[in-house]
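Data block for my_file_37.pdb (PDB, C-alpha atoms):
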```pdb
ATOM      1  CA  MET A 710      31.821  29.723 -26.239
ATOM      2  CA  LEU A 711      32.506  30.405 -22.582
ATOM      3  CA  SER A 712      29.503  32.714 -22.333
ATOM      4  CA  LEU A 713      27.335  30.066 -23.956
ATOM      5  CA  THR A 714      28.528  27.546 -21.402
ATOM      6  CA  ASN A 715      27.701  30.014 -18.641
ATOM      7  CA  VAL A 716      24.216  30.506 -20.022
ATOM      8  CA  VAL A 717      23.618  26.751 -20.239
ATOM      9  CA  SER A 718      24.930  26.154 -16.747
ATOM     10  CA  ALA A 719      22.753  28.958 -15.428
ATOM     11  CA  GLN A 720      19.641  27.423 -16.982
ATOM     12  CA  THR A 721      20.293  23.790 -16.153
ATOM     13  CA  PRO A 722      20.302  22.943 -12.445
ATOM     14  CA  THR A 723      23.508  21.309 -11.353
ATOM     15  CA  PRO A 724      22.782  17.715 -10.325
ATOM     16  CA  ARG A 725      23.328  17.265  -6.599
ATOM     17  CA  SER A 726      24.338  14.066  -4.872
ATOM     18  CA  VAL A 727      21.377  12.087  -3.564
ATOM     19  CA  THR A 728      21.573   9.650  -0.663
ATOM     20  CA  ASP A 729      20.025   6.182  -0.616
ATOM     21  CA  ASP A 730      17.665   7.327   2.141
ATOM     22  CA  GLU A 731      16.332  10.103  -0.051
ATOM     23  CA  VAL A 732      15.809   7.629  -2.871
ATOM     24  CA  ASN A 733      14.037   5.185  -0.564
ATOM     25  CA  VAL A 734      11.636   7.844   0.713
ATOM     26  CA  VAL A 735      10.272   8.067  -2.834
ATOM     27  CA  ALA A 736      10.794   4.399  -3.697
ATOM     28  CA  ARG A 737       8.780   3.017  -0.780
ATOM     29  CA  ASP A 738       5.582   4.399  -2.315
ATOM     30  CA  LEU A 739       6.226   2.896  -5.735
ATOM     31  CA  TYR A 740       5.854  -0.660  -7.010
ATOM     32  CA  CYS A 741       7.355  -2.128 -10.152
ATOM     33  CA  PRO A 742       5.172  -4.398 -12.310
ATOM     34  CA  VAL A 743       7.840  -7.089 -12.362
ATOM     35  CA  CYS A 744       7.683  -7.934  -8.666
ATOM     36  CA  GLU A 745       4.110  -7.237  -7.630
ATOM     37  CA  ASN A 746       3.315  -6.181  -4.063
ATOM     38  CA  ILE A 747       6.946  -5.474  -3.197
ATOM     39  CA  PRO A 748       7.761  -1.798  -2.683
ATOM     40  CA  LEU A 749      10.564  -0.476  -4.807
ATOM     41  CA  ASP A 750      12.786   0.353  -1.834
ATOM     42  CA  VAL A 751      13.081  -3.293  -0.758
ATOM     43  CA  CYS A 752      12.776  -5.003  -4.140
ATOM     44  CA  GLY A 753      15.934  -6.862  -5.076
ATOM     45  CA  THR A 754      15.539  -7.319  -8.824
ATOM     46  CA  LYS A 755      17.657  -5.647 -11.452
ATOM     47  CA  ALA A 756      14.580  -3.880 -12.811
ATOM     48  CA  CYS A 757      13.907  -2.285  -9.418
ATOM     49  CA  ALA A 758      17.560  -1.299  -9.044
ATOM     50  CA  GLN A 759      17.271   0.515 -12.378
ATOM     51  CA  TRP A 760      14.104   2.245 -11.260
ATOM     52  CA  ARG A 761      15.728   3.364  -8.003
ATOM     53  CA  GLU A 762      18.613   4.760 -10.043
ATOM     54  CA  LEU A 763      16.081   6.637 -12.160
ATOM     55  CA  ILE A 764      14.597   8.120  -8.980
ATOM     56  CA  ARG A 765      18.083   9.181  -7.905
ATOM     57  CA  GLU A 766      18.631  10.918 -11.249
ATOM     58  CA  LYS A 767      15.327  12.754 -11.031
ATOM     59  CA  LEU A 768      15.994  13.841  -7.428
ATOM     60  CA  ALA A 769      19.431  15.051  -8.474
ATOM     61  CA  LEU A 770      17.741  17.196 -11.107
ATOM     62  CA  GLY A 771      15.602  18.788  -8.410
ATOM     63  CA  TRP A 772      12.357  16.893  -9.003
ATOM     64  CA  ASP A 773      10.108  16.497  -5.975
ATOM     65  CA  GLU A 774       8.361  13.295  -4.893
ATOM     66  CA  LYS A 775       5.061  14.198  -6.547
ATOM     67  CA  ALA A 776       6.728  14.951  -9.877
ATOM     68  CA  ILE A 777       8.570  11.631  -9.777
ATOM     69  CA  GLN A 778       5.382   9.730  -8.935
ATOM     70  CA  ASP A 779       3.609  11.464 -11.825
ATOM     71  CA  TYR A 780       6.473  10.549 -14.153
ATOM     72  CA  PHE A 781       6.317   6.895 -13.114
ATOM     73  CA  ALA A 782       2.521   6.783 -13.441
ATOM     74  CA  LEU A 783       2.705   8.380 -16.877
ATOM     75  CA  ASN A 784       5.319   5.922 -18.098
ATOM     76  CA  TYR A 785       4.370   2.717 -16.316
ATOM     77  CA  GLY A 786       0.714   3.168 -15.400
ATOM     78  CA  ASP A 787      -1.137   3.967 -12.177
ATOM     79  CA  ARG A 788      -0.543   0.507 -10.762
ATOM     80  CA  VAL A 789       3.035   1.456  -9.847
ATOM     81  CA  LEU A 790       1.609   3.871  -7.272
ATOM     82  CA  SER A 791       0.940   2.685  -3.735
ATOM     83  CA  GLU A 792      -2.339   4.642  -3.730
ATOM     84  CA  PRO A 793      -4.625   5.084  -6.718
ATOM     85  CA  PRO A 794      -4.736   8.709  -7.844
ATOM     86  CA  ARG A 795      -7.736  10.634  -6.523
ATOM     87  CA  GLU A 796      -9.588  11.048  -9.813
ATOM     88  CA  GLY A 797     -12.510   9.542 -11.715
ATOM     89  CA  LEU A 798     -13.817   6.199 -10.492
ATOM     90  CA  ASN A 799     -10.821   5.886  -8.157
ATOM     91  CA  TRP A 800     -12.693   8.192  -5.778
ATOM     92  CA  LEU A 801     -14.980   5.285  -4.962
ATOM     93  CA  VAL A 802     -12.041   3.539  -3.281
ATOM     94  CA  TYR A 803     -11.697   6.458  -0.901
ATOM     95  CA  ILE A 804     -15.343   7.347  -0.413
ATOM     96  CA  LEU A 805     -17.235   4.038  -0.316
ATOM     97  CA  PRO A 806     -15.555   2.294   2.657
ATOM     98  CA  PRO A 807     -16.024   5.148   5.182
ATOM     99  CA  VAL A 808     -19.561   5.790   3.894
ATOM    100  CA  ILE A 809     -20.482   2.112   4.283
ATOM    101  CA  ILE A 810     -18.907   1.931   7.750
ATOM    102  CA  LEU A 811     -20.676   5.096   8.905
ATOM    103  CA  ALA A 812     -24.016   3.964   7.460
ATOM    104  CA  GLY A 813     -23.611   0.560   9.121
ATOM    105  CA  ALA A 814     -22.707   2.123  12.449
ATOM    106  CA  ALA A 815     -25.689   4.501  12.219
ATOM    107  CA  LEU A 816     -28.009   1.594  11.417
ATOM    108  CA  VAL A 817     -26.734  -0.508  14.318
ATOM    109  CA  TRP A 818     -27.055   2.452  16.673
ATOM    110  CA  LYS A 819     -30.632   3.151  15.575
ATOM    111  CA  VAL A 820     -31.641  -0.498  15.858
ATOM    112  CA  LEU A 821     -30.110  -0.810  19.324
ATOM    113  CA  ARG A 822     -31.677   2.417  20.494
ATOM    114  CA  GLY A 823     -35.073   1.419  19.095
ATOM    115  CA  GLY A 824     -34.799  -2.007  20.738
ATOM    116  CA  ARG A 825     -33.906  -0.514  24.086
ATOM    117  CA  LYS A 826     -36.857   1.872  23.916
ATOM    118  CA  THR A 827     -39.262  -0.964  23.112
ATOM    119  CA  ALA A 828     -37.794  -3.115  25.845
ATOM    120  CA  SER A 829     -38.039  -0.375  28.464
ATOM    121  CA  ALA A 830     -41.595   0.426  27.372
ATOM    122  CA  ASN A 831     -42.697  -3.244  27.811
ATOM    123  CA  PRO A 832     -40.627  -4.679  30.630
ATOM    124  CA  GLY A 833     -41.345  -8.438  30.657
ATOM    125  CA  PRO A 834     -40.647 -10.728  33.574
ATOM    126  CA  SER A 835     -37.041 -11.622  34.073
ATOM    127  CA  PRO A 836     -35.938 -15.241  33.393
ATOM    128  CA  ALA A 837     -35.666 -15.803  37.139
ATOM    129  CA  VAL A 838     -39.249 -14.694  37.621
ATOM    130  CA  GLN A 839     -40.385 -16.900  34.746
ATOM    131  CA  GLN A 840     -38.595 -19.844  36.294
ATOM    132  CA  ASP A 841     -40.266 -19.233  39.652
ATOM    133  CA  GLN A 842     -43.711 -19.069  38.098
ATOM    134  CA  TYR A 843     -43.106 -22.320  36.286
ATOM    135  CA  THR A 844     -41.834 -24.078  39.405
ATOM    136  CA  GLU A 845     -44.756 -22.832  41.425
ATOM    137  CA  GLN A 846     -47.177 -24.165  38.830
ATOM    138  CA  ILE A 847     -45.518 -27.583  38.806
ATOM    139  CA  GLU A 848     -45.513 -27.770  42.579
ATOM    140  CA  ALA A 849     -49.138 -26.719  42.728
ATOM    141  CA  GLU A 850     -50.034 -29.398  40.183
ATOM    142  CA  LEU A 851     -48.082 -32.041  42.165
ATOM    143  CA  ARG A 852     -49.820 -31.037  45.396
ATOM    144  CA  ARG A 853     -53.202 -31.251  43.692
ATOM    145  CA  ARG A 854     -52.463 -34.731  42.375
ATOM    146  CA  GLN A 855     -51.200 -35.901  45.764
ATOM    147  CA  LYS A 856     -54.437 -34.777  47.370
ATOM    148  CA  GLN A 857     -56.465 -36.545  44.729
ATOM    149  CA  GLY A 858     -54.362 -39.704  44.893
TER     150      GLY A 858
ATOM    151  CA  MET B 227     -52.106 -28.503  31.193
ATOM    152  CA  GLU B 228     -52.492 -25.050  29.739
ATOM    153  CA  PRO B 229     -49.598 -23.550  27.928
ATOM    154  CA  MET B 230     -47.381 -21.350  30.008
ATOM    155  CA  ASN B 231     -47.805 -17.678  29.708
ATOM    156  CA  SER B 232     -45.036 -16.668  27.308
ATOM    157  CA  PRO B 233     -43.453 -13.378  28.225
ATOM    158  CA  GLU B 234     -41.341 -13.274  24.995
ATOM    159  CA  LYS B 235     -41.772 -10.197  22.919
ATOM    160  CA  THR B 236     -40.169  -9.424  19.591
ATOM    161  CA  ASN B 237     -38.529  -6.036  19.507
ATOM    162  CA  HIS B 238     -39.468  -5.257  15.943
ATOM    163  CA  TYR B 239     -37.716  -2.249  14.478
ATOM    164  CA  SER B 240     -38.172  -1.126  10.900
ATOM    165  CA  LEU B 241     -36.746   1.706   8.822
ATOM    166  CA  PRO B 242     -39.001   4.036   6.853
ATOM    167  CA  LEU B 243     -39.862   2.786   3.374
ATOM    168  CA  TRP B 244     -37.823   5.404   1.560
ATOM    169  CA  LYS B 245     -34.729   4.427   3.506
ATOM    170  CA  ASN B 246     -35.247   0.775   2.617
ATOM    171  CA  ILE B 247     -35.596   1.658  -1.060
ATOM    172  CA  LEU B 248     -32.524   3.879  -0.937
ATOM    173  CA  ALA B 249     -30.473   1.184   0.803
ATOM    174  CA  PHE B 250     -31.657  -1.378  -1.747
ATOM    175  CA  TRP B 251     -30.574   0.743  -4.704
ATOM    176  CA  VAL B 252     -27.250   1.643  -3.103
ATOM    177  CA  LEU B 253     -26.620  -2.073  -2.616
ATOM    178  CA  ILE B 254     -27.640  -2.861  -6.199
ATOM    179  CA  GLY B 255     -25.391  -0.072  -7.492
ATOM    180  CA  PHE B 256     -22.500  -1.352  -5.443
ATOM    181  CA  LEU B 257     -22.989  -4.916  -6.735
ATOM    182  CA  VAL B 258     -23.211  -3.716 -10.348
ATOM    183  CA  LEU B 259     -19.993  -1.753  -9.895
ATOM    184  CA  LEU B 260     -18.300  -4.762  -8.341
ATOM    185  CA  ALA B 261     -19.458  -7.029 -11.179
ATOM    186  CA  TRP B 262     -18.230  -4.551 -13.770
ATOM    187  CA  ALA B 263     -14.796  -4.317 -12.137
ATOM    188  CA  LEU B 264     -14.522  -8.090 -11.796
ATOM    189  CA  ASN B 265     -15.604  -8.617 -15.382
ATOM    190  CA  ARG B 266     -12.998  -6.142 -16.524
ATOM    191  CA  THR B 267     -10.170  -7.889 -14.704
ATOM    192  CA  GLN B 268     -11.334 -11.342 -15.817
ATOM    193  CA  GLU B 269     -11.473 -10.472 -19.500
ATOM    194  CA  PRO B 270      -9.627 -13.182 -21.382
ATOM    195  CA  SER B 271      -6.429 -12.335 -23.203
ATOM    196  CA  ILE B 272      -6.386 -12.085 -26.966
ATOM    197  CA  GLN B 273      -6.398 -15.636 -28.275
ATOM    198  CA  VAL B 274      -4.886 -16.963 -31.484
ATOM    199  CA  GLY B 275      -7.411 -16.246 -34.229
ATOM    200  CA  ASP B 276      -8.863 -13.174 -32.463
ATOM    201  CA  GLN B 277      -8.806  -9.757 -34.065
ATOM    202  CA  VAL B 278      -6.120  -7.669 -32.398
ATOM    203  CA  PRO B 279      -7.236  -4.142 -31.431
ATOM    204  CA  LEU B 280      -5.248  -1.347 -33.064
ATOM    205  CA  PHE B 281      -2.556   0.264 -30.963
ATOM    206  CA  THR B 282       0.093   2.948 -31.303
ATOM    207  CA  LEU B 283       3.758   2.534 -30.473
ATOM    208  CA  TYR B 284       5.396   5.699 -29.158
ATOM    209  CA  SER B 285       9.021   6.760 -29.165
ATOM    210  CA  TYR B 286      10.958   7.471 -25.979
ATOM    211  CA  ASP B 287      10.230  11.147 -26.647
ATOM    212  CA  GLY B 288       6.517  10.450 -26.550
ATOM    213  CA  GLN B 289       6.005  10.883 -30.300
ATOM    214  CA  PRO B 290       3.851   8.320 -32.130
ATOM    215  CA  LEU B 291       6.053   5.997 -34.159
ATOM    216  CA  VAL B 292       3.452   3.824 -35.810
ATOM    217  CA  ASN B 293      -0.174   2.811 -35.493
ATOM    218  CA  THR B 294      -0.935  -0.769 -36.407
ATOM    219  CA  GLY B 295      -3.877   0.522 -38.434
ATOM    220  CA  ASP B 296      -1.318   1.835 -40.926
ATOM    221  CA  LEU B 297       0.211  -1.625 -41.334
ATOM    222  CA  GLU B 298      -2.836  -3.299 -42.859
ATOM    223  CA  GLY B 299      -1.974  -6.305 -44.993
ATOM    224  CA  LYS B 300       1.373  -6.869 -43.311
ATOM    225  CA  VAL B 301       2.502  -9.429 -40.795
ATOM    226  CA  ILE B 302       3.366  -7.637 -37.536
ATOM    227  CA  VAL B 303       5.829  -9.157 -35.101
ATOM    228  CA  VAL B 304       5.328  -7.567 -31.673
ATOM    229  CA  ASN B 305       8.168  -8.391 -29.307
ATOM    230  CA  PHE B 306       8.010  -7.407 -25.622
ATOM    231  CA  TRP B 307      11.417  -6.997 -24.012
ATOM    232  CA  ALA B 308      13.363  -5.211 -21.286
ATOM    233  CA  SER B 309      17.017  -4.349 -20.820
ATOM    234  CA  TRP B 310      17.144  -6.162 -17.445
ATOM    235  CA  CYS B 311      15.780  -9.355 -18.989
ATOM    236  CA  THR B 312      18.506 -11.893 -19.752
ATOM    237  CA  PRO B 313      16.413 -14.189 -21.997
ATOM    238  CA  CYS B 314      15.492 -11.098 -24.055
ATOM    239  CA  ALA B 315      19.163 -10.603 -24.805
ATOM    240  CA  ASP B 316      19.400 -14.239 -25.876
ATOM    241  CA  GLU B 317      16.947 -13.705 -28.720
ATOM    242  CA  ALA B 318      17.843 -10.086 -29.570
ATOM    243  CA  GLU B 319      20.353 -10.877 -32.294
ATOM    244  CA  ASP B 320      18.095 -13.484 -33.908
ATOM    245  CA  LEU B 321      15.182 -11.048 -33.990
ATOM    246  CA  GLU B 322      17.339  -8.355 -35.554
ATOM    247  CA  GLN B 323      18.669 -10.808 -38.131
ATOM    248  CA  ALA B 324      15.139 -11.946 -38.941
ATOM    249  CA  TRP B 325      14.053  -8.319 -39.375
ATOM    250  CA  GLN B 326      16.930  -7.673 -41.762
ATOM    251  CA  ASN B 327      15.925 -10.740 -43.775
ATOM    252  CA  TYR B 328      12.275  -9.699 -44.052
ATOM    253  CA  GLU B 329      12.628  -5.930 -44.349
ATOM    254  CA  PRO B 330      13.382  -5.865 -48.114
ATOM    255  CA  GLY B 331      10.214  -7.856 -48.874
ATOM    256  CA  GLY B 332       8.040  -5.261 -47.154
ATOM    257  CA  GLN B 333       5.550  -7.876 -46.016
ATOM    258  CA  VAL B 334       6.661  -8.102 -42.408
ATOM    259  CA  VAL B 335       7.084  -5.380 -39.767
ATOM    260  CA  PHE B 336       8.845  -5.839 -36.451
ATOM    261  CA  LEU B 337       7.848  -3.753 -33.422
ATOM    262  CA  GLY B 338       9.802  -3.819 -30.185
ATOM    263  CA  VAL B 339       7.785  -2.926 -27.101
ATOM    264  CA  ASN B 340       9.998  -2.022 -24.179
ATOM    265  CA  TRP B 341       8.206  -3.111 -21.001
ATOM    266  CA  ALA B 342       8.771  -1.686 -17.493
ATOM    267  CA  ASP B 343      12.199  -0.410 -18.357
ATOM    268  CA  THR B 344      14.266   2.737 -17.946
ATOM    269  CA  GLU B 345      15.098   4.784 -21.011
ATOM    270  CA  LYS B 346      18.855   5.001 -20.533
ATOM    271  CA  GLU B 347      19.323   1.253 -20.140
ATOM    272  CA  ALA B 348      16.848   0.525 -22.926
ATOM    273  CA  ARG B 349      18.709   2.746 -25.371
ATOM    274  CA  ALA B 350      21.997   1.133 -24.367
ATOM    275  CA  TYR B 351      20.445  -2.294 -25.019
ATOM    276  CA  LEU B 352      19.250  -1.228 -28.473
ATOM    277  CA  ASP B 353      22.720   0.085 -29.286
ATOM    278  CA  GLN B 354      24.433  -3.018 -27.932
ATOM    279  CA  TYR B 355      22.398  -5.390 -30.089
ATOM    280  CA  GLU B 356      22.229  -2.933 -33.013
ATOM    281  CA  ILE B 357      18.476  -3.274 -33.203
ATOM    282  CA  SER B 358      17.149  -1.347 -36.173
ATOM    283  CA  TYR B 359      13.415  -2.097 -36.183
ATOM    284  CA  LEU B 360      10.940   0.269 -34.523
ATOM    285  CA  ASN B 361      11.166   0.258 -30.765
ATOM    286  CA  GLY B 362       9.472   2.250 -28.058
ATOM    287  CA  PRO B 363       8.356   2.128 -24.447
ATOM    288  CA  ASP B 364       5.103   0.508 -23.412
ATOM    289  CA  LEU B 365       3.630   3.776 -22.169
ATOM    290  CA  ARG B 366       1.405   3.208 -19.120
ATOM    291  CA  THR B 367       1.843  -0.522 -19.957
ATOM    292  CA  ALA B 368      -1.141  -0.090 -22.274
ATOM    293  CA  ILE B 369       0.053  -2.517 -24.972
ATOM    294  CA  SER B 370       1.135  -5.264 -22.579
ATOM    295  CA  GLN B 371      -2.185  -4.966 -20.742
ATOM    296  CA  MET B 372      -4.031  -5.314 -24.018
ATOM    297  CA  PHE B 373      -2.179  -8.554 -24.805
ATOM    298  CA  ARG B 374      -2.220  -9.510 -21.110
ATOM    299  CA  THR B 375       1.432 -10.430 -21.190
ATOM    300  CA  THR B 376       2.826 -12.377 -18.282
ATOM    301  CA  GLY B 377       6.428 -11.191 -18.532
ATOM    302  CA  VAL B 378       9.262 -10.716 -20.988
ATOM    303  CA  PRO B 379      10.252 -11.806 -23.520
ATOM    304  CA  GLU B 380       6.981 -12.519 -25.243
ATOM    305  CA  THR B 381       6.270 -12.251 -28.951
ATOM    306  CA  TYR B 382       2.885 -11.888 -30.620
ATOM    307  CA  ILE B 383       2.605 -12.251 -34.382
ATOM    308  CA  ILE B 384      -0.372 -10.678 -36.129
ATOM    309  CA  ASP B 385      -1.311 -11.911 -39.592
ATOM    310  CA  GLN B 386      -2.159  -9.856 -42.692
ATOM    311  CA  ASN B 387      -5.821  -9.725 -41.641
ATOM    312  CA  GLY B 388      -5.084  -8.266 -38.238
ATOM    313  CA  ARG B 389      -5.700 -11.532 -36.366
ATOM    314  CA  LEU B 390      -3.371 -12.971 -33.786
ATOM    315  CA  ALA B 391      -1.588 -15.838 -35.515
ATOM    316  CA  TYR B 392       1.108 -16.923 -33.068
ATOM    317  CA  VAL B 393       2.281 -16.408 -29.496
ATOM    318  CA  GLU B 394       5.736 -17.176 -28.163
ATOM    319  CA  LYS B 395       6.047 -16.940 -24.374
ATOM    320  CA  GLY B 396       9.722 -16.845 -23.599
ATOM    321  CA  PRO B 397      12.583 -16.409 -26.019
ATOM    322  CA  PHE B 398      12.831 -17.837 -29.519
ATOM    323  CA  GLN B 399      15.538 -20.472 -29.564
ATOM    324  CA  SER B 400      16.948 -19.657 -32.983
ATOM    325  CA  LEU B 401      16.648 -17.556 -36.121
ATOM    326  CA  THR B 402      15.294 -20.606 -37.913
ATOM    327  CA  GLU B 403      12.454 -20.917 -35.414
ATOM    328  CA  ILE B 404      11.455 -17.299 -35.982
ATOM    329  CA  GLN B 405      11.545 -17.656 -39.756
ATOM    330  CA  VAL B 406       9.601 -20.917 -39.791
ATOM    331  CA  VAL B 407       6.795 -19.256 -37.844
ATOM    332  CA  ILE B 408       6.708 -16.101 -39.984
ATOM    333  CA  ASP B 409       6.989 -18.008 -43.263
ATOM    334  CA  GLY B 410       4.102 -20.200 -42.170
ATOM    335  CA  ILE B 411       1.933 -17.131 -41.571
ATOM    336  CA  LEU B 412       2.984 -15.525 -44.876
ATOM    337  CA  THR B 413       1.988 -18.606 -46.851
ATOM    338  CA  GLN B 414      -1.410 -19.029 -45.185
TER     339      GLN B 414
END
```
Could you rewrite the structure in this file as C-alpha cells?
Amino acid sequence: MLSLTNVVSAQTPTPRSVTDDEVNVVARDLYCPVCENIPLDVCGTKACAQWRELIREKLALGWDEKAIQDYFALNYGDRVLSEPPREGLNWLVYILPPVIILAGAALVWKVLRGGRKTASANPGPSPAVQQDQYTEQIEAELRRRQKQG
Amino acid sequence: MEPMNSPEKTNHYSLPLWKNILAFWVLIGFLVLLAWALNRTQEPSIQVGDQVPLFTLYSYDGQPLVNTGDLEGKVIVVNFWASWCTPCADEAEDLEQAWQNYEPGGQVVFLGVNWADTEKEARAYLDQYEISYLNGPDLRTAISQMFRTTGVPETYIIDQNGRLAYVEKGPFQSLTEIQVVIDGILTQ
C-alpha cells in the first residue's frame, strides 16, 4: 500500500501554492462571457472568481499559461481569449490592417512624389506673381480709360 | 476684357491599369468578407416555430451524452444554468421535480446545459439539488451560441417535431408553470 502511494505521488506533481499575482498574469489575458470586455483579473463577479480559482488550480498542477489558455478556449470558446488564435480566417485580423496601412502609405508616397515631379517640371507663376500681373493689367486699363476720358 | 491667363495646372497622377484592377478586386474582396462577417453576427436567434438544429450534449469528461437527433418524437426541455447563478438555483428543484414527473411517461427529456461554469462548482450544484436529468457543459459555448442565449437561466422547449415551441428567459416561478407549458406542448 505504501509503495503504491509512493508510485502515485511520484507520478502526480505535488500542487504548489500559487500567488494572486501569478493567477492575475494569466487572468488578465482572459475574458469571461458573463461580463464582456472586462479582463478576468479585474472582474468582480462570482463567475470570474471561480474562473480565477480554476486558473490557480491549473497553475498549482504545473500548467503553463499557454496550456491554461488552450483549456479555456476549448471549454468556453475562443472569445474568452484576449487575442484570436492565429489560425484559419483569424489570420486576416493580423494581416489585413498592416497590409492596408502599408499599401495606403505607399500610394500616398507615390502620389506625392509624382505630384512633386510634375510640379517641378512645370513651374507656374507664384500667387504673388499672378497678383502682380493682374494688378498691372487693371492699372494699365485704368490709365487707358483716363486718357480716353 | 480678355480672360486672365490662368497658370493653374492639374497634377494628374494615375496608377497603371493592372494596379487599379488589383486594388478594385482587393476592395471588393474585403467588402464581401466584411458583409459575410456582419451577416453571420446579425443572424437572428431561433424563433418559436423554427426548426432547431441538432446538437450534442457532452459530459464533463468530454464524452457525448446525447444527440438531439436521437430524441425524435420527444419534447426536449433545454435548460441553461450555471452554479454562480442565483435565479438558476431558485428553479433547480422545480425542474428536477418536473423531470421526475415526466420521466416515467418517456415523452419528455430534460437536458441541462451548464454555461460558462467551472466543473467542480457545477458538480457540487448538481449534487446539492440532486439533479438527475442529463447535464453537461456547453463546450465552446456552441449550444448557447446556437440559441443565442442572453444569460442564465434560460429554458428552450422543443416540440415532438423538432421545432422550438417555448422560450423562458429567466427562471420558472413554479413547478406548475413548468408543467402547464410542457402539457400544452404535449397536447398540441
> For the atom pair atom CA of Gln399 of chain B and atom CA of Val378 of chain B, what is the interatomic distance in Å to one decimal place?
Replying inline: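 A separation of 14.4 Å between them.
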>> I'd like the neighbourhood of segment 790-802 of chain A as a PyMOL selection string, where a residue qualifies if any of its atoms comes within 9 Å (using all atoms listed in the file), though same-chain residues fewer than 4 positions away should be ignored.
In response: chain A and resi 737-741+748+778+781-782+786+806
>> Show me, as a list of chain:residue names, the residues that have an atom within 9 Å of segment 729-733 of chain A when counting only C-alpha atoms, minus same-chain residues fewer than 4 positions from it.
In response: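 The contact residues come out as A:Arg737, A:Asp738, A:Leu749, A:Asp750, A:Val751, A:Arg761, A:Glu762, A:Ile764, A:Arg765, A:Leu768.
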> Could you list as a list in words every residue that has an atom within 9 Å of (1.8, -13.2, -35.4), using the file's coordinates and counting only C-alpha atoms?
Replying inline: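 These residues have at least one counted atom within 9 Å: Val274, Val301, Ile302, Val303, Val304, Thr381, Tyr382, Ile383, Ile384, Asp385, Gln386, Gly388, Arg389, Leu390, Ala391, Tyr392, Val393, Val407, Ile408 and Ile411 of chain B.
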Print the selection's residues with C-alpha atoms to a file, as a PDB file, in the coordinates of the input.
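Once everything was written out, this is result12.pdb:
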```pdb
ATOM      1  CA  VAL B 274      -4.886 -16.963 -31.484  1.00  0.00           C
ATOM      2  CA  VAL B 301       2.502  -9.429 -40.795  1.00  0.00           C
ATOM      3  CA  ILE B 302       3.366  -7.637 -37.536  1.00  0.00           C
ATOM      4  CA  VAL B 303       5.829  -9.157 -35.101  1.00  0.00           C
ATOM      5  CA  VAL B 304       5.328  -7.567 -31.673  1.00  0.00           C
ATOM      6  CA  THR B 381       6.270 -12.251 -28.951  1.00  0.00           C
ATOM      7  CA  TYR B 382       2.885 -11.888 -30.620  1.00  0.00           C
ATOM      8  CA  ILE B 383       2.605 -12.251 -34.382  1.00  0.00           C
ATOM      9  CA  ILE B 384      -0.372 -10.678 -36.129  1.00  0.00           C
ATOM     10  CA  ASP B 385      -1.311 -11.911 -39.592  1.00  0.00           C
ATOM     11  CA  GLN B 386      -2.159  -9.856 -42.692  1.00  0.00           C
ATOM     12  CA  GLY B 388      -5.084  -8.266 -38.238  1.00  0.00           C
ATOM     13  CA  ARG B 389      -5.700 -11.532 -36.366  1.00  0.00           C
ATOM     14  CA  LEU B 390      -3.371 -12.971 -33.786  1.00  0.00           C
ATOM     15  CA  ALA B 391      -1.588 -15.838 -35.515  1.00  0.00           C
ATOM     16  CA  TYR B 392       1.108 -16.923 -33.068  1.00  0.00           C
ATOM     17  CA  VAL B 393       2.281 -16.408 -29.496  1.00  0.00           C
ATOM     18  CA  VAL B 407       6.795 -19.256 -37.844  1.00  0.00           C
ATOM     19  CA  ILE B 408       6.708 -16.101 -39.984  1.00  0.00           C
ATOM     20  CA  ILE B 411       1.933 -17.131 -41.571  1.00  0.00           C
TER      21      ILE B 411
END
```
> Which is closer to chain A than all the others in B:Asp316, B:Glu345, B:Asp409, B:Glu298, using all atoms listed in the file?
Replying inline: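 Smallest separation from chain A among the options: B:Glu345.
Across the structure, atom CA of Pro724 of chain A and atom CA of Leu770 of chain A are spaced 5.1 Å apart.
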>> So the first atom is atom CA of Trp251 of chain B and the second is atom CA of Leu805 of chain A; what is the distance between them in Å, to one decimal place?
In response: 14.4 Å
> Which is closer to chain B than all the others in A:Lys755, A:Lys826, A:Arg725, A:Lys775, using only C-alpha atoms?
Replying inline: A:Lys755
>> Using all atoms listed in the file, which protein or nucleic acid residues come within 7 Å of Glu317 of chain B? Drop anything in the same chain fewer than 3 positions from it, and give the result as a PyMOL selection string.
In response: chain B and resi 313-314+320-321+397-399
Those same residues - C-alpha atoms - I'd like them written as a PDB file, keeping the file's coordinate frame.
```pdb
ATOM      1  CA  PRO B 313      16.413 -14.189 -21.997  1.00  0.00           C
ATOM      2  CA  CYS B 314      15.492 -11.098 -24.055  1.00  0.00           C
ATOM      3  CA  ASP B 320      18.095 -13.484 -33.908  1.00  0.00           C
ATOM      4  CA  LEU B 321      15.182 -11.048 -33.990  1.00  0.00           C
ATOM      5  CA  PRO B 397      12.583 -16.409 -26.019  1.00  0.00           C
ATOM      6  CA  PHE B 398      12.831 -17.837 -29.519  1.00  0.00           C
ATOM      7  CA  GLN B 399      15.538 -20.472 -29.564  1.00  0.00           C
TER       8      GLN B 399
END
```
> Restricting the calculation to only C-alpha atoms, which member of B:Trp325, B:Phe250, B:Trp307, B:Trp341 is positioned closest to chain A?
Replying inline: B:Trp341
> For chain B, which residue among A:Asp773, A:Glu845, A:Glu745, A:Asp787 is the nearest when counting all atoms listed in the file?
Replying inline: A:Asp787
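Picked by the PyMOL selection byres ((chain A) within 6 of (chain B)) from the coordinates shown: Ala756, Leu783, Asn784, Tyr785, Gly786, Gly824 and Gly833 of chain A.
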On this file, the PyMOL selection byres ((chain B and resi 277-282) around 9) gives some set of residues; write that set as a short mmCIF file (atom, residue, chain, number, x, y, z; two decimals) with C-alpha atoms, keeping the file's coordinate frame.
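Saved as selection01.cif:
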```cif
data_model
loop_
_atom_site.label_atom_id
_atom_site.label_comp_id
_atom_site.auth_asym_id
_atom_site.auth_seq_id
_atom_site.Cartn_x
_atom_site.Cartn_y
_atom_site.Cartn_z
CA ILE B 272 -6.39 -12.08 -26.97
CA GLN B 273 -6.40 -15.64 -28.28
CA VAL B 274 -4.89 -16.96 -31.48
CA GLY B 275 -7.41 -16.25 -34.23
CA ASP B 276 -8.86 -13.17 -32.46
CA LEU B 283 3.76 2.53 -30.47
CA TYR B 284 5.40 5.70 -29.16
CA PRO B 290 3.85 8.32 -32.13
CA LEU B 291 6.05 6.00 -34.16
CA VAL B 292 3.45 3.82 -35.81
CA ASN B 293 -0.17 2.81 -35.49
CA THR B 294 -0.94 -0.77 -36.41
CA GLY B 295 -3.88 0.52 -38.43
CA ALA B 368 -1.14 -0.09 -22.27
CA ILE B 369 0.05 -2.52 -24.97
CA MET B 372 -4.03 -5.31 -24.02
CA PHE B 373 -2.18 -8.55 -24.80
CA ILE B 384 -0.37 -10.68 -36.13
CA ASN B 387 -5.82 -9.72 -41.64
CA GLY B 388 -5.08 -8.27 -38.24
CA ARG B 389 -5.70 -11.53 -36.37
CA LEU B 390 -3.37 -12.97 -33.79
#
```
